[in-house]
Amino acid sequence: MSLFDYQRSLFLRGDKGPCAVDRWVAVDYQQHSALAADGPEALRGLVAGLGEDFRYEGARVIADGDLVALHGTYHGFGPDPLVGFDVFRVDADGKLAEHWDALTPLVGNTVSGRSQTDGSTAVTETDRTDANRALVAEFAEKVLVGADHSVLTDYISTETYHQHNTDAADGLDGFGAAAARWADLGKNLVYKKVQRIIAEGEFVLTQSEGEFGVVVAYYDLFRVADGRIVEHWDVIASVPAELPHGNGLF
């Protein structure tokens, strides 16, 4: 059973949801989500409040050591579907021991015409994991945190840059135009710290804290090909003032 199966079975109504918690979740489960407190019982309470129409649609999964990241869409969590990244830490017994997430509304019409989850899904270049991780880590520190945009083309392809951010068109020019519009609205892209980098093959996910008009969590997923970033998905989620636990969002 994969973590996609866990997501689906956890939220099924009836007996399967509780069984999924028993099978997958450690008794000392530590939560960073804004939706639930620590421990398996909090997940049971979350499941109990969901409607019959709830379902999870997985798009891609990335495994890196004891961390596994899922990218997909939740239907029935609220009035509108939500696109999300979920990151799990798996303990030595194969149980889910820790969880982080970020959610954003599903948008039907995007500037690029690409959805928030479509595009490449298969991990095919596992031999490139370390090189791709190093590339994105350097990009994150120099460009995202350091705001040195003069070196963008050292990291992002000038020929192919498929964009899944809802407000940006494909290519570097498309993202630059979106950033200018955001700045006019007082929503500058400010990355203060990269908290985690999760990589497998051509896919690299960064989890960062920063500001976008308000304090936010940035989840940016990049696909790398031939030493350059060629595709980007993201979720930008506001950091709530209060959480149902004392672990922080990161």
# chains A, B, ... in the order shown; residues from 1 in each chain; ligands from 1
>>> select_by_dssp(residues="stretch 6-238 of chain A", states="strand (DSSP E)", output="NGL selection string")
:A and (25-31 or 55-64 or 67-75 or 82-90 or 96-105 or 162-163 or 190-200 or 203-211 or 215-225 or 228-238)
>>> residues_around(residues="A:Asp170", least_positions_apart="2", cutoff="9 Å", atoms="only C-alpha atoms", output="MDAnalysis selection string")
chainID A and resid 111:112 160:164 168 172:175 231
>>> residues_around(residues="A:Asp226", least_positions_apart="6", cutoff="10 Å", atoms="only C-alpha atoms", output="list in words")
Arg128, Asn132, Ser157 and Glu202 of chain A
>>> closest_residue(among="A:Ser33, A:Leu144, A:Ile229, A:Asp234", to="A:Tyr191", atoms="only C-alpha atoms")
A:Leu144
